[in-house]
Amino acid sequence: MWVFYFFAAIAIWLGLVSLRGGVRFVRYVQAEVGREYPEFTPFVTVFAPCRGLEVGLKENISAIFAQDYPAFEIVFVTDRADDPALAIIEAARRSFYRQIRPDNALCDFRSGD
């Protein structure tokens with residue numbers, strides 16, 4: 001009969017240990033949820049494929065340049081070096097960088113030709 005009491009005591013002890021672990025976990029979760037985290041904004045690349053002159057191209061390119069995200073680069077992809085969309089992209093780039101970053105603006109046009 002004492003074997004049953006022994007196993008009952010072990011079961012009660014394991015239950016209390018498990019309960020203690022659960023209480024610790026709840027405290028941990030509450031502390032993590034209430035914690036203030038710094039704002040994290042990773043550097044991103046925006047790929048914009050362009051071909052020819054389409055309706056709304058200038059507005060779309062201007063919207064891409066006018067983003068308020070703090071750290072980004074824009075890569076425009078065309079299939080030809082003489083694509084007419086490149087003139088619109090260059091005009092939008094010049095107006096954007098004149099307003100925001102005139103000193104260290106970088107732009108590189110590369111062709112797949």
# chains A, B, ... in the order shown; residues from 1 in each chain; ligands from 1

$ select_by_dssp --residues "chain A" --states "strand (DSSP E)" --output "mmCIF file with C-alpha atoms, in the first residue's frame"
data_model
loop_
_atom_site.group_PDB
_atom_site.id
_atom_site.type_symbol
_atom_site.label_atom_id
_atom_site.label_comp_id
_atom_site.auth_asym_id
_atom_site.auth_seq_id
_atom_site.Cartn_x
_atom_site.Cartn_y
_atom_site.Cartn_z
ATOM 1 C CA VAL A 44 15.046 47.058 -48.927
ATOM 2 C CA THR A 45 15.356 46.932 -52.699
ATOM 3 C CA VAL A 46 12.401 47.809 -54.922
ATOM 4 C CA PHE A 47 12.554 46.184 -58.368
ATOM 5 C CA ALA A 48 10.450 47.992 -60.958
ATOM 6 C CA PRO A 49 10.233 46.425 -64.421
ATOM 7 C CA PHE A 72 15.597 51.729 -49.740
ATOM 8 C CA GLU A 73 17.034 51.511 -53.227
ATOM 9 C CA ILE A 74 15.173 51.311 -56.506
ATOM 10 C CA VAL A 75 16.255 49.108 -59.393
ATOM 11 C CA PHE A 76 14.504 49.756 -62.699
ATOM 12 C CA VAL A 77 14.674 46.867 -65.130
#

$ residues_around --residues "range 34-42 of chain A" --least-positions-apart "6" --cutoff "12 Å" --atoms "only C-alpha atoms" --output "PDB file with N, CA, C and O atoms, in the first residue's frame"
ATOM      1  N   ARG A  27       4.645  34.681 -16.673  1.00  0.00           N
ATOM      2  CA  ARG A  27       5.387  35.907 -16.314  1.00  0.00           C
ATOM      3  C   ARG A  27       6.309  36.339 -17.444  1.00  0.00           C
ATOM      4  O   ARG A  27       6.437  37.527 -17.737  1.00  0.00           O
ATOM      5  N   TYR A  28       6.973  35.378 -18.076  1.00  0.00           N
ATOM      6  CA  TYR A  28       7.865  35.680 -19.191  1.00  0.00           C
ATOM      7  C   TYR A  28       7.089  36.309 -20.349  1.00  0.00           C
ATOM      8  O   TYR A  28       7.511  37.326 -20.914  1.00  0.00           O
ATOM      9  N   ASP A  68       8.172  57.097 -48.159  1.00  0.00           N
ATOM     10  CA  ASP A  68       8.710  57.652 -46.919  1.00  0.00           C
ATOM     11  C   ASP A  68       9.459  56.599 -46.104  1.00  0.00           C
ATOM     12  O   ASP A  68       9.814  56.845 -44.958  1.00  0.00           O
ATOM     13  N   TYR A  69       9.708  55.443 -46.695  1.00  0.00           N
ATOM     14  CA  TYR A  69      10.492  54.407 -46.016  1.00  0.00           C
ATOM     15  C   TYR A  69      11.925  54.916 -45.892  1.00  0.00           C
ATOM     16  O   TYR A  69      12.475  55.497 -46.820  1.00  0.00           O
ATOM     17  N   PRO A  70      12.584  54.735 -44.733  1.00  0.00           N
ATOM     18  CA  PRO A  70      13.874  55.384 -44.496  1.00  0.00           C
ATOM     19  C   PRO A  70      15.061  54.814 -45.262  1.00  0.00           C
ATOM     20  O   PRO A  70      15.997  55.544 -45.558  1.00  0.00           O
ATOM     21  N   ALA A  71      15.080  53.533 -45.608  1.00  0.00           N
ATOM     22  CA  ALA A  71      16.271  52.953 -46.229  1.00  0.00           C
ATOM     23  C   ALA A  71      15.863  52.032 -47.371  1.00  0.00           C
ATOM     24  O   ALA A  71      15.466  50.899 -47.156  1.00  0.00           O
ATOM     25  N   PHE A  72      15.965  52.547 -48.606  1.00  0.00           N
ATOM     26  CA  PHE A  72      15.597  51.729 -49.740  1.00  0.00           C
ATOM     27  C   PHE A  72      16.392  52.129 -50.970  1.00  0.00           C
ATOM     28  O   PHE A  72      16.962  53.216 -51.036  1.00  0.00           O
ATOM     29  N   GLU A  73      16.465  51.218 -51.917  1.00  0.00           N
ATOM     30  CA  GLU A  73      17.034  51.511 -53.227  1.00  0.00           C
ATOM     31  C   GLU A  73      16.030  51.042 -54.267  1.00  0.00           C
ATOM     32  O   GLU A  73      15.209  50.168 -54.001  1.00  0.00           O
TER      33      GLU A  73
END
